[in-house]
$ cat coords-v1.cif   # mmCIF, C-alpha atoms, pLDDT in the B column; chains and numbers go by the auth columns
data_start
#
loop_
_atom_site.group_PDB
_atom_site.id
_atom_site.type_symbol
_atom_site.label_atom_id
_atom_site.label_comp_id
_atom_site.label_asym_id
_atom_site.label_seq_id
_atom_site.Cartn_x
_atom_site.Cartn_y
_atom_site.Cartn_z
_atom_site.B_iso_or_equiv
_atom_site.auth_seq_id
_atom_site.auth_asym_id
ATOM 1 C CA MET A 1 -11.719 5.697 -17.147 84.00 1 A
ATOM 2 C CA SER A 2 -11.979 2.974 -14.561 93.00 2 A
ATOM 3 C CA GLY A 3 -9.719 1.418 -11.951 97.00 3 A
ATOM 4 C CA LEU A 4 -10.166 -0.793 -8.893 98.00 4 A
ATOM 5 C CA VAL A 5 -9.521 -0.167 -5.208 98.00 5 A
ATOM 6 C CA GLN A 6 -6.686 -2.508 -4.228 98.00 6 A
ATOM 7 C CA SER A 7 -6.241 -1.421 -0.607 98.00 7 A
ATOM 8 C CA ILE A 8 -7.727 0.938 1.987 98.00 8 A
ATOM 9 C CA TRP A 9 -5.852 2.438 4.932 98.00 9 A
ATOM 10 C CA ARG A 10 -6.336 4.689 7.922 98.00 10 A
ATOM 11 C CA TYR A 11 -3.818 6.393 10.233 97.00 11 A
ATOM 12 C CA PRO A 12 -5.434 7.018 13.650 97.00 12 A
ATOM 13 C CA VAL A 13 -2.348 8.753 15.091 97.00 13 A
ATOM 14 C CA LYS A 14 -0.460 10.961 12.647 97.00 14 A
ATOM 15 C CA GLY A 15 2.892 9.490 11.642 96.00 15 A
ATOM 16 C CA PHE A 16 2.376 6.042 13.152 97.00 16 A
ATOM 17 C CA THR A 17 1.452 2.587 11.865 96.00 17 A
ATOM 18 C CA PRO A 18 -0.960 2.361 8.896 96.00 18 A
ATOM 19 C CA GLU A 19 -4.022 0.187 9.518 98.00 19 A
ATOM 20 C CA PRO A 20 -5.562 -1.753 6.596 98.00 20 A
ATOM 21 C CA LEU A 21 -9.334 -1.843 6.143 98.00 21 A
ATOM 22 C CA GLU A 22 -11.728 -3.949 4.101 98.00 22 A
ATOM 23 C CA ALA A 23 -14.174 -1.046 3.754 98.00 23 A
ATOM 24 C CA ALA A 24 -14.676 2.554 4.813 98.00 24 A
ATOM 25 C CA ASP A 25 -17.868 4.572 5.258 98.00 25 A
ATOM 26 C CA LEU A 26 -17.276 8.110 4.031 97.00 26 A
ATOM 27 C CA VAL A 27 -19.405 11.169 4.790 96.00 27 A
ATOM 28 C CA ALA A 28 -19.765 14.167 2.487 96.00 28 A
ATOM 29 C CA GLY A 29 -17.608 17.052 3.624 93.00 29 A
ATOM 30 C CA ARG A 30 -15.687 14.906 6.122 93.00 30 A
ATOM 31 C CA TYR A 31 -12.339 13.201 6.329 94.00 31 A
ATOM 32 C CA MET A 32 -11.559 9.493 6.167 95.00 32 A
ATOM 33 C CA PRO A 33 -13.119 7.847 9.259 95.00 33 A
ATOM 34 C CA CYS A 34 -10.746 7.398 12.185 95.00 34 A
ATOM 35 C CA ASP A 35 -7.914 9.039 10.253 97.00 35 A
ATOM 36 C CA ARG A 36 -5.370 11.405 11.855 96.00 36 A
ATOM 37 C CA LEU A 37 -7.545 11.700 14.960 96.00 37 A
ATOM 38 C CA PHE A 38 -4.482 12.387 17.099 97.00 38 A
ATOM 39 C CA ALA A 39 -1.025 13.855 16.636 97.00 39 A
ATOM 40 C CA VAL A 40 2.001 13.885 18.917 97.00 40 A
ATOM 41 C CA GLU A 41 3.293 17.401 19.369 96.00 41 A
ATOM 42 C CA ASP A 42 7.100 17.618 19.452 96.00 42 A
ATOM 43 C CA GLY A 43 7.546 20.778 21.479 93.00 43 A
ATOM 44 C CA PRO A 44 4.950 23.583 21.531 92.00 44 A
ATOM 45 C CA SER A 45 3.174 23.737 18.166 90.00 45 A
ATOM 46 C CA GLY A 46 0.728 26.564 18.740 90.00 46 A
ATOM 47 C CA PHE A 47 -2.247 24.264 18.129 90.00 47 A
ATOM 48 C CA ASP A 48 -5.384 25.701 19.736 88.00 48 A
ATOM 49 C CA PRO A 49 -8.112 23.055 20.274 86.00 49 A
ATOM 50 C CA ALA A 50 -10.700 25.819 20.654 86.00 50 A
ATOM 51 C CA HIS A 51 -9.795 27.140 17.199 89.00 51 A
ATOM 52 C CA PRO A 52 -8.237 24.169 15.365 87.00 52 A
ATOM 53 C CA ALA A 53 -6.263 25.027 12.256 88.00 53 A
ATOM 54 C CA HIS A 54 -3.814 23.294 9.948 89.00 54 A
ATOM 55 C CA ILE A 55 -0.258 23.101 11.304 88.00 55 A
ATOM 56 C CA SER A 56 2.906 21.929 9.548 90.00 56 A
ATOM 57 C CA LYS A 57 3.703 18.273 10.095 91.00 57 A
ATOM 58 C CA GLN A 58 7.204 19.329 11.189 92.00 58 A
ATOM 59 C CA LYS A 59 5.631 20.231 14.541 94.00 59 A
ATOM 60 C CA PHE A 60 4.823 16.552 15.163 96.00 60 A
ATOM 61 C CA THR A 61 6.557 13.188 15.546 96.00 61 A
ATOM 62 C CA VAL A 62 6.322 12.149 11.898 95.00 62 A
ATOM 63 C CA LEU A 63 8.619 10.214 9.562 94.00 63 A
ATOM 64 C CA ALA A 64 9.706 13.348 7.721 93.00 64 A
ATOM 65 C CA LYS A 65 11.247 14.536 10.987 94.00 65 A
ATOM 66 C CA ILE A 66 11.987 11.371 13.007 95.00 66 A
ATOM 67 C CA ALA A 67 12.583 8.252 10.907 95.00 67 A
ATOM 68 C CA GLU A 68 12.694 6.081 14.045 95.00 68 A
ATOM 69 C CA VAL A 69 8.924 6.463 14.377 96.00 69 A
ATOM 70 C CA ALA A 70 8.701 3.681 11.760 96.00 70 A
ATOM 71 C CA LEU A 71 10.044 1.181 14.306 96.00 71 A
ATOM 72 C CA ILE A 72 7.094 1.723 16.639 97.00 72 A
ATOM 73 C CA ARG A 73 4.217 -0.683 15.921 97.00 73 A
ATOM 74 C CA THR A 74 0.796 0.626 16.888 98.00 74 A
ATOM 75 C CA ARG A 75 -2.876 -0.308 16.814 97.00 75 A
ATOM 76 C CA TYR A 76 -5.954 1.751 17.647 97.00 76 A
ATOM 77 C CA ASP A 77 -9.181 0.188 18.933 96.00 77 A
ATOM 78 C CA GLU A 78 -11.899 2.517 17.704 93.00 78 A
ATOM 79 C CA ALA A 79 -14.569 1.128 20.033 94.00 79 A
ATOM 80 C CA SER A 80 -12.602 1.530 23.272 95.00 80 A
ATOM 81 C CA GLY A 81 -10.278 4.384 22.319 94.00 81 A
ATOM 82 C CA VAL A 82 -7.284 2.305 23.432 97.00 82 A
ATOM 83 C CA PHE A 83 -4.048 2.824 21.500 98.00 83 A
ATOM 84 C CA SER A 84 -1.491 0.032 21.782 98.00 84 A
ATOM 85 C CA ALA A 85 2.172 0.543 20.934 98.00 85 A
ATOM 86 C CA ALA A 86 5.343 -1.547 21.013 98.00 86 A
ATOM 87 C CA ALA A 87 8.976 -0.776 20.215 97.00 87 A
ATOM 88 C CA PRO A 88 12.191 -2.837 20.308 95.00 88 A
ATOM 89 C CA GLY A 89 13.791 -2.806 23.750 95.00 89 A
ATOM 90 C CA HIS A 90 10.810 -1.241 25.503 97.00 90 A
ATOM 91 C CA PRO A 91 7.780 -2.658 27.320 98.00 91 A
ATOM 92 C CA PRO A 92 4.560 -2.219 25.325 98.00 92 A
ATOM 93 C CA ILE A 93 1.871 0.240 26.315 98.00 93 A
ATOM 94 C CA ALA A 94 -1.905 0.410 25.979 98.00 94 A
ATOM 95 C CA ALA A 95 -3.350 3.880 26.612 98.00 95 A
ATOM 96 C CA ASP A 96 -6.888 5.225 26.440 98.00 96 A
ATOM 97 C CA LEU A 97 -6.511 8.250 24.178 97.00 97 A
ATOM 98 C CA ALA A 98 -10.015 9.456 25.060 95.00 98 A
ATOM 99 C CA THR A 99 -8.634 10.479 28.467 97.00 99 A
ATOM 100 C CA GLU A 100 -5.981 12.990 29.486 97.00 100 A
ATOM 101 C CA PRO A 101 -4.149 10.441 31.702 98.00 101 A
ATOM 102 C CA GLY A 102 -4.030 8.025 28.772 98.00 102 A
ATOM 103 C CA ARG A 103 -2.608 10.658 26.447 98.00 103 A
ATOM 104 C CA GLU A 104 -0.057 11.691 29.069 98.00 104 A
ATOM 105 C CA ALA A 105 1.008 8.056 29.548 98.00 105 A
ATOM 106 C CA LEU A 106 1.557 7.611 25.807 98.00 106 A
ATOM 107 C CA ALA A 107 3.533 10.858 25.600 98.00 107 A
ATOM 108 C CA ALA A 108 5.791 9.699 28.437 98.00 108 A
ATOM 109 C CA TRP A 109 6.314 6.298 26.783 98.00 109 A
ATOM 110 C CA LEU A 110 7.140 7.877 23.423 98.00 110 A
ATOM 111 C CA SER A 111 9.549 10.287 25.111 97.00 111 A
ATOM 112 C CA ASP A 112 11.457 7.299 26.452 97.00 112 A
ATOM 113 C CA VAL A 113 11.404 5.414 23.141 97.00 113 A
ATOM 114 C CA LEU A 114 12.395 8.335 20.920 97.00 114 A
ATOM 115 C CA ALA A 115 14.713 9.906 23.520 94.00 115 A
ATOM 116 C CA ASP A 116 17.338 12.104 21.794 89.00 116 A
ATOM 117 C CA GLU A 117 15.409 12.239 18.511 94.00 117 A
ATOM 118 C CA ILE A 118 12.728 14.591 19.814 95.00 118 A
ATOM 119 C CA SER A 119 12.960 18.394 19.890 91.00 119 A
ATOM 120 C CA GLY A 120 10.910 19.196 22.977 89.00 120 A
ATOM 121 C CA PRO A 121 8.321 17.829 25.397 96.00 121 A
ATOM 122 C CA LEU A 122 5.845 15.492 23.707 97.00 122 A
ATOM 123 C CA LYS A 123 2.106 15.949 24.016 97.00 123 A
ATOM 124 C CA VAL A 124 -0.639 13.845 22.442 97.00 124 A
ATOM 125 C CA LEU A 125 -3.195 16.160 20.868 97.00 125 A
ATOM 126 C CA PRO A 126 -6.755 14.989 20.085 96.00 126 A
ATOM 127 C CA ALA A 127 -8.454 16.539 17.068 93.00 127 A
ATOM 128 C CA SER A 128 -11.375 18.734 18.046 86.00 128 A
ATOM 129 C CA GLY A 129 -14.656 18.929 16.153 86.00 129 A
ATOM 130 C CA ALA A 130 -14.301 18.128 12.466 87.00 130 A
ATOM 131 C CA HIS A 131 -10.586 18.969 12.414 91.00 131 A
ATOM 132 C CA ARG A 132 -8.052 16.283 11.487 95.00 132 A
ATOM 133 C CA PHE A 133 -4.256 16.376 11.545 94.00 133 A
ATOM 134 C CA THR A 134 -3.835 15.923 7.798 94.00 134 A
ATOM 135 C CA ASP A 135 -0.804 17.098 5.823 91.00 135 A
ATOM 136 C CA ASP A 136 -2.979 19.279 3.621 87.00 136 A
ATOM 137 C CA GLU A 137 -5.913 21.398 4.777 81.00 137 A
ATOM 138 C CA GLU A 138 -7.747 20.936 1.468 79.00 138 A
ATOM 139 C CA GLY A 139 -7.465 17.168 1.118 77.00 139 A
ATOM 140 C CA PHE A 140 -10.158 15.085 2.813 89.00 140 A
ATOM 141 C CA VAL A 141 -8.781 11.766 1.545 97.00 141 A
ATOM 142 C CA SER A 142 -5.723 10.739 -0.456 97.00 142 A
ATOM 143 C CA LEU A 143 -5.303 8.278 -3.312 98.00 143 A
ATOM 144 C CA ILE A 144 -2.296 6.615 -4.946 98.00 144 A
ATOM 145 C CA ASN A 145 -2.297 5.445 -8.551 98.00 145 A
ATOM 146 C CA LEU A 146 -0.345 2.170 -8.455 98.00 146 A
ATOM 147 C CA ALA A 147 0.635 2.510 -12.121 98.00 147 A
ATOM 148 C CA SER A 148 2.491 5.721 -11.255 98.00 148 A
ATOM 149 C CA LEU A 149 4.191 3.924 -8.377 98.00 149 A
ATOM 150 C CA ALA A 150 5.238 1.180 -10.809 98.00 150 A
ATOM 151 C CA GLU A 151 6.896 3.836 -12.986 98.00 151 A
ATOM 152 C CA LEU A 152 8.834 5.073 -9.967 98.00 152 A
ATOM 153 C CA GLU A 153 9.897 1.505 -9.220 98.00 153 A
ATOM 154 C CA ARG A 154 11.279 1.184 -12.743 98.00 154 A
ATOM 155 C CA LYS A 155 13.219 4.399 -12.217 97.00 155 A
ATOM 156 C CA VAL A 156 14.843 3.300 -8.940 97.00 156 A
ATOM 157 C CA GLY A 157 15.248 -0.337 -10.031 97.00 157 A
ATOM 158 C CA ARG A 158 13.624 -1.904 -6.994 97.00 158 A
ATOM 159 C CA ARG A 159 10.311 -2.373 -5.224 97.00 159 A
ATOM 160 C CA VAL A 160 8.955 0.719 -3.479 98.00 160 A
ATOM 161 C CA ASP A 161 6.598 -0.164 -0.625 97.00 161 A
ATOM 162 C CA PRO A 162 3.265 1.631 -1.207 98.00 162 A
ATOM 163 C CA ARG A 163 3.024 2.288 2.531 97.00 163 A
ATOM 164 C CA ARG A 164 5.730 4.941 2.160 97.00 164 A
ATOM 165 C CA PHE A 165 3.051 7.249 0.723 98.00 165 A
ATOM 166 C CA ARG A 166 0.530 6.891 3.569 97.00 166 A
ATOM 167 C CA ALA A 167 -2.564 7.209 1.373 98.00 167 A
ATOM 168 C CA ASN A 168 -6.131 6.177 2.174 98.00 168 A
ATOM 169 C CA PHE A 169 -6.896 4.461 -1.141 98.00 169 A
ATOM 170 C CA TYR A 170 -4.578 2.650 -3.560 98.00 170 A
ATOM 171 C CA VAL A 171 -6.008 2.201 -7.046 98.00 171 A
ATOM 172 C CA ARG A 172 -4.887 -0.097 -9.875 98.00 172 A
ATOM 173 C CA GLY A 173 -5.964 0.108 -13.502 98.00 173 A
ATOM 174 C CA TRP A 174 -5.492 3.824 -14.168 98.00 174 A
ATOM 175 C CA PRO A 175 -2.835 5.033 -16.648 97.00 175 A
ATOM 176 C CA ALA A 176 0.370 6.185 -15.008 98.00 176 A
ATOM 177 C CA TRP A 177 0.405 9.846 -13.935 98.00 177 A
ATOM 178 C CA ILE A 178 -3.220 10.482 -14.978 97.00 178 A
ATOM 179 C CA GLU A 179 -3.850 11.825 -11.464 97.00 179 A
ATOM 180 C CA ASN A 180 -1.581 14.819 -12.144 97.00 180 A
ATOM 181 C CA SER A 181 -4.170 16.196 -14.585 95.00 181 A
ATOM 182 C CA LEU A 182 -7.316 15.492 -12.550 92.00 182 A
ATOM 183 C CA THR A 183 -7.687 18.727 -10.564 94.00 183 A
ATOM 184 C CA ASP A 184 -11.428 19.512 -10.229 95.00 184 A
ATOM 185 C CA GLU A 185 -12.328 16.230 -11.957 96.00 185 A
ATOM 186 C CA THR A 186 -14.948 14.014 -10.338 97.00 186 A
ATOM 187 C CA LEU A 187 -14.416 10.440 -9.211 97.00 187 A
ATOM 188 C CA ARG A 188 -16.991 7.807 -8.339 97.00 188 A
ATOM 189 C CA ILE A 189 -15.446 5.254 -6.028 97.00 189 A
ATOM 190 C CA GLY A 190 -17.731 2.616 -4.569 95.00 190 A
ATOM 191 C CA GLU A 191 -20.902 4.363 -3.392 97.00 191 A
ATOM 192 C CA THR A 192 -19.196 7.747 -3.077 98.00 192 A
ATOM 193 C CA GLN A 193 -18.464 10.670 -5.326 97.00 193 A
ATOM 194 C CA MET A 194 -15.377 12.834 -4.880 97.00 194 A
ATOM 195 C CA ARG A 195 -13.768 15.853 -6.453 97.00 195 A
ATOM 196 C CA MET A 196 -10.034 15.785 -7.049 96.00 196 A
ATOM 197 C CA VAL A 197 -8.350 18.725 -5.325 96.00 197 A
ATOM 198 C CA LYS A 198 -4.691 18.582 -6.388 96.00 198 A
ATOM 199 C CA PRO A 199 -1.720 16.244 -6.848 97.00 199 A
ATOM 200 C CA ILE A 200 0.366 15.429 -3.781 97.00 200 A
ATOM 201 C CA THR A 201 3.892 16.812 -3.582 97.00 201 A
ATOM 202 C CA ARG A 202 6.086 14.228 -1.901 97.00 202 A
ATOM 203 C CA CYS A 203 8.577 14.894 0.902 96.00 203 A
ATOM 204 C CA VAL A 204 11.424 13.108 2.680 96.00 204 A
ATOM 205 C CA ALA A 205 8.980 10.971 4.695 96.00 205 A
ATOM 206 C CA THR A 206 8.816 8.719 1.620 97.00 206 A
ATOM 207 C CA HIS A 207 12.565 8.067 1.897 97.00 207 A
ATOM 208 C CA VAL A 208 11.990 5.982 5.044 97.00 208 A
ATOM 209 C CA ASP A 209 11.501 2.222 4.839 96.00 209 A
ATOM 210 C CA PRO A 210 8.277 1.580 6.833 95.00 210 A
ATOM 211 C CA ASP A 211 9.680 -1.661 8.263 94.00 211 A
ATOM 212 C CA THR A 212 13.292 -0.785 9.108 94.00 212 A
ATOM 213 C CA GLY A 213 13.123 2.983 9.678 94.00 213 A
ATOM 214 C CA GLU A 214 16.113 3.431 7.350 95.00 214 A
ATOM 215 C CA LYS A 215 16.297 6.232 4.783 96.00 215 A
ATOM 216 C CA ASP A 216 17.155 4.003 1.848 96.00 216 A
ATOM 217 C CA ILE A 217 15.517 5.569 -1.246 97.00 217 A
ATOM 218 C CA ASP A 218 15.658 9.230 -2.263 98.00 218 A
ATOM 219 C CA VAL A 219 12.111 9.241 -3.626 98.00 219 A
ATOM 220 C CA VAL A 220 11.912 13.003 -4.132 98.00 220 A
ATOM 221 C CA ARG A 221 15.096 13.117 -6.217 98.00 221 A
ATOM 222 C CA SER A 222 14.101 10.016 -8.179 98.00 222 A
ATOM 223 C CA LEU A 223 10.733 11.537 -9.070 98.00 223 A
ATOM 224 C CA PHE A 224 12.312 14.777 -10.235 98.00 224 A
ATOM 225 C CA GLU A 225 15.114 13.145 -12.204 97.00 225 A
ATOM 226 C CA GLY A 226 12.835 10.560 -13.780 97.00 226 A
ATOM 227 C CA PHE A 227 9.670 12.532 -14.446 98.00 227 A
ATOM 228 C CA GLY A 228 10.405 16.239 -13.966 98.00 228 A
ATOM 229 C CA HIS A 229 8.192 16.627 -10.898 98.00 229 A
ATOM 230 C CA THR A 230 7.921 15.485 -7.275 98.00 230 A
ATOM 231 C CA LEU A 231 4.278 14.397 -7.395 98.00 231 A
ATOM 232 C CA LEU A 232 2.756 11.028 -6.541 98.00 232 A
ATOM 233 C CA GLY A 233 -0.885 10.691 -5.538 98.00 233 A
ATOM 234 C CA VAL A 234 -3.855 13.037 -5.383 97.00 234 A
ATOM 235 C CA TYR A 235 -6.026 14.646 -2.709 97.00 235 A
ATOM 236 C CA ALA A 236 -9.812 14.530 -3.007 97.00 236 A
ATOM 237 C CA ARG A 237 -12.883 15.950 -1.249 96.00 237 A
ATOM 238 C CA VAL A 238 -15.909 13.793 -0.508 97.00 238 A
ATOM 239 C CA LEU A 239 -18.994 15.180 -2.291 97.00 239 A
ATOM 240 C CA ARG A 240 -21.366 12.270 -1.695 97.00 240 A
ATOM 241 C CA GLY A 241 -20.861 9.821 1.122 97.00 241 A
ATOM 242 C CA GLY A 242 -21.200 6.056 1.118 98.00 242 A
ATOM 243 C CA ARG A 243 -19.214 2.871 1.499 98.00 243 A
ATOM 244 C CA VAL A 244 -15.984 2.059 -0.334 98.00 244 A
ATOM 245 C CA ARG A 245 -14.895 -1.593 -0.346 98.00 245 A
ATOM 246 C CA LEU A 246 -11.859 -3.473 -1.550 98.00 246 A
ATOM 247 C CA GLY A 247 -12.312 -4.214 -5.256 98.00 247 A
ATOM 248 C CA ASP A 248 -14.764 -1.357 -5.869 98.00 248 A
ATOM 249 C CA ARG A 249 -14.517 0.532 -9.144 97.00 249 A
ATOM 250 C CA ALA A 250 -12.804 3.923 -9.163 97.00 250 A
ATOM 251 C CA LEU A 251 -14.358 5.695 -12.155 96.00 251 A
ATOM 252 C CA ILE A 252 -12.862 9.032 -13.275 96.00 252 A
ATOM 253 C CA GLY A 253 -15.271 11.603 -14.640 89.00 253 A
ATOM 254 C CA ALA A 254 -18.419 10.037 -13.188 74.00 254 A
#
$ encode --input "coords-v1.cif" --output "structure tokens"
Amino acid sequence: MSGLVQSIWRYPVKGFTPEPLEAADLVAGRYMPCDRLFAVEDGPSGFDPAHPAHISKQKFTVLAKIAEVALIRTRYDEASGVFSAAAPGHPPIAADLATEPGREALAAWLSDVLADEISGPLKVLPASGAHRFTDDEEGFVSLINLASLAELERKVGRRVDPRRFRANFYVRGWPAWIENSLTDETLRIGETQMRMVKPITRCVATHVDPDTGEKDIDVVRSLFEGFGHTLLGVYARVLRGGRVRLGDRALIGA
């Protein structure tokens, strides 16, 4: 069963602006390149960089917790390590996240922008070693089946921006909801091979419009009422590395 890669995305700082890519070079046993490299701690999270472990996203400045994060526009320069951010009513900032002063400057700026929405002192955490600040400790990369999204759109009666689901790969051409039955199935996508880990259970982060920051669609309720579950998307592990490009085939069972 074959589909095509329609878009590719990365999220350098957890919770902030998605960045579109034309291609991505994946490595076996690793996460999406330059994805969730940093997270902004909202009060002490217990994260230990010497022994990095998965922590609930509720410990960070993410859309599920602070919808106003959607109003901050960001861009990460992989070569220089500089993270640029802008928000309405605030001067922009460019901070070198490879340095402690740069991370402290960004935390101070975000504290001013998000003000009363935050729970505690903010701190920008860099991922250590192979760790990444993903929502799920088993999922190396995430994929959305656009046919399933189209079914959700029919349920709610309006367009649902794919960016709400913050996936790495968006695939067209698969039957709707096929991903819910793909656990342990293999997938050849571009030059890579992956193994599907499990479907993705959606949360209130998907309720937030990525442009306006408004909670305008109850995606979780719509999924349950329309389809009897709250799933949309699938996590996968990279078994064989290689390049994935826009328009590449995504072949299930290969």
$ residues_around --input "coords-v1.cif" --residues "Ser45 (chain A)" --least-positions-apart "2" --cutoff "9 Å" --atoms "all atoms listed in the file" --output "NGL selection string"
:A and (41-43 or 47-48 or 55-56 or 59-60)
$ residues_around --input "coords-v1.cif" --residues "region 23-29 of chain A" --least-positions-apart "6" --cutoff "9 Å" --atoms "only C-alpha atoms" --output "ChimeraX atom specification"
/A:8-9,140,192-194,237-246
$ residues_around --input "coords-v1.cif" --residues "region 208-216 of chain A" --least-positions-apart "6" --cutoff "10 Å" --atoms "all atoms listed in the file" --output "list of chain:residue names"
A:Phe16, A:Thr17, A:Pro18, A:Leu63, A:Ala64, A:Ile66, A:Ala67, A:Glu68, A:Val69, A:Ala70, A:Leu71, A:Ile72, A:Arg73, A:Val160, A:Asp161, A:Pro162, A:Arg163, A:Arg164, A:Phe165, A:Arg166
$ closest_residue --input "coords-v1.cif" --among "A:Thr99, A:Thr201, A:Ser80, A:Thr61" --to "Asp136 (chain A)" --atoms "all atoms listed in the file"
A:Thr201
$ resolve_selection --input "coords-v1.cif" --expression "the PyMOL selection byres ((chain A and resi 203) around 9)" --output "VMD selection string"
chain A and resid 64 201 to 202 204 to 207 219 to 220 230
$ closest_residue --input "coords-v1.cif" --among "A:Thr134, A:Ala85, A:Val124, A:Glu22" --to "Ala53 (chain A)" --atoms "only C-alpha atoms"
A:Thr134
$ resolve_selection --input "coords-v1.cif" --expression "the PyMOL selection byres ((chain A and resi 196) around 12)" --output "JSON, numbers by chain"
{"A": [138, 139, 140, 141, 142, 143, 178, 179, 180, 181, 182, 183, 184, 185, 186, 187, 188, 189, 193, 194, 195, 197, 198, 199, 200, 233, 234, 235, 236, 237, 238, 239, 252, 253, 254]}
$ write_last_selection --input "coords-v1.cif" --atoms "C-alpha atoms" --output "short mmCIF file (atom, residue, chain, number, x, y, z; two decimals), in the frame of the given file"
data_model
loop_
_atom_site.label_atom_id
_atom_site.label_comp_id
_atom_site.auth_asym_id
_atom_site.auth_seq_id
_atom_site.Cartn_x
_atom_site.Cartn_y
_atom_site.Cartn_z
CA GLU A 138 -7.75 20.94 1.47
CA GLY A 139 -7.46 17.17 1.12
CA PHE A 140 -10.16 15.08 2.81
CA VAL A 141 -8.78 11.77 1.54
CA SER A 142 -5.72 10.74 -0.46
CA LEU A 143 -5.30 8.28 -3.31
CA ILE A 178 -3.22 10.48 -14.98
CA GLU A 179 -3.85 11.82 -11.46
CA ASN A 180 -1.58 14.82 -12.14
CA SER A 181 -4.17 16.20 -14.58
CA LEU A 182 -7.32 15.49 -12.55
CA THR A 183 -7.69 18.73 -10.56
CA ASP A 184 -11.43 19.51 -10.23
CA GLU A 185 -12.33 16.23 -11.96
CA THR A 186 -14.95 14.01 -10.34
CA LEU A 187 -14.42 10.44 -9.21
CA ARG A 188 -16.99 7.81 -8.34
CA ILE A 189 -15.45 5.25 -6.03
CA GLN A 193 -18.46 10.67 -5.33
CA MET A 194 -15.38 12.83 -4.88
CA ARG A 195 -13.77 15.85 -6.45
CA VAL A 197 -8.35 18.73 -5.32
CA LYS A 198 -4.69 18.58 -6.39
CA PRO A 199 -1.72 16.24 -6.85
CA ILE A 200 0.37 15.43 -3.78
CA GLY A 233 -0.88 10.69 -5.54
CA VAL A 234 -3.86 13.04 -5.38
CA TYR A 235 -6.03 14.65 -2.71
CA ALA A 236 -9.81 14.53 -3.01
CA ARG A 237 -12.88 15.95 -1.25
CA VAL A 238 -15.91 13.79 -0.51
CA LEU A 239 -18.99 15.18 -2.29
CA ILE A 252 -12.86 9.03 -13.28
CA GLY A 253 -15.27 11.60 -14.64
CA ALA A 254 -18.42 10.04 -13.19
#
$ resolve_selection --input "coords-v1.cif" --expression "the PyMOL selection byres ((chain A and resi 94) around 10)" --output "MDAnalysis selection string"
chainID A and resid 74:76 81:86 92:93 95:97 102 105:106
$ closest_residue --input "coords-v1.cif" --among "A:Phe169, A:Phe227, A:Phe38, A:Trp109" --to "Leu21 (chain A)" --atoms "all atoms listed in the file"
A:Phe169
$ residues_around --input "coords-v1.cif" --residues "Val13 (chain A)" --least-positions-apart "4" --cutoff "8 Å" --atoms "all atoms listed in the file" --output "ChimeraX atom specification"
/A:17,35-40
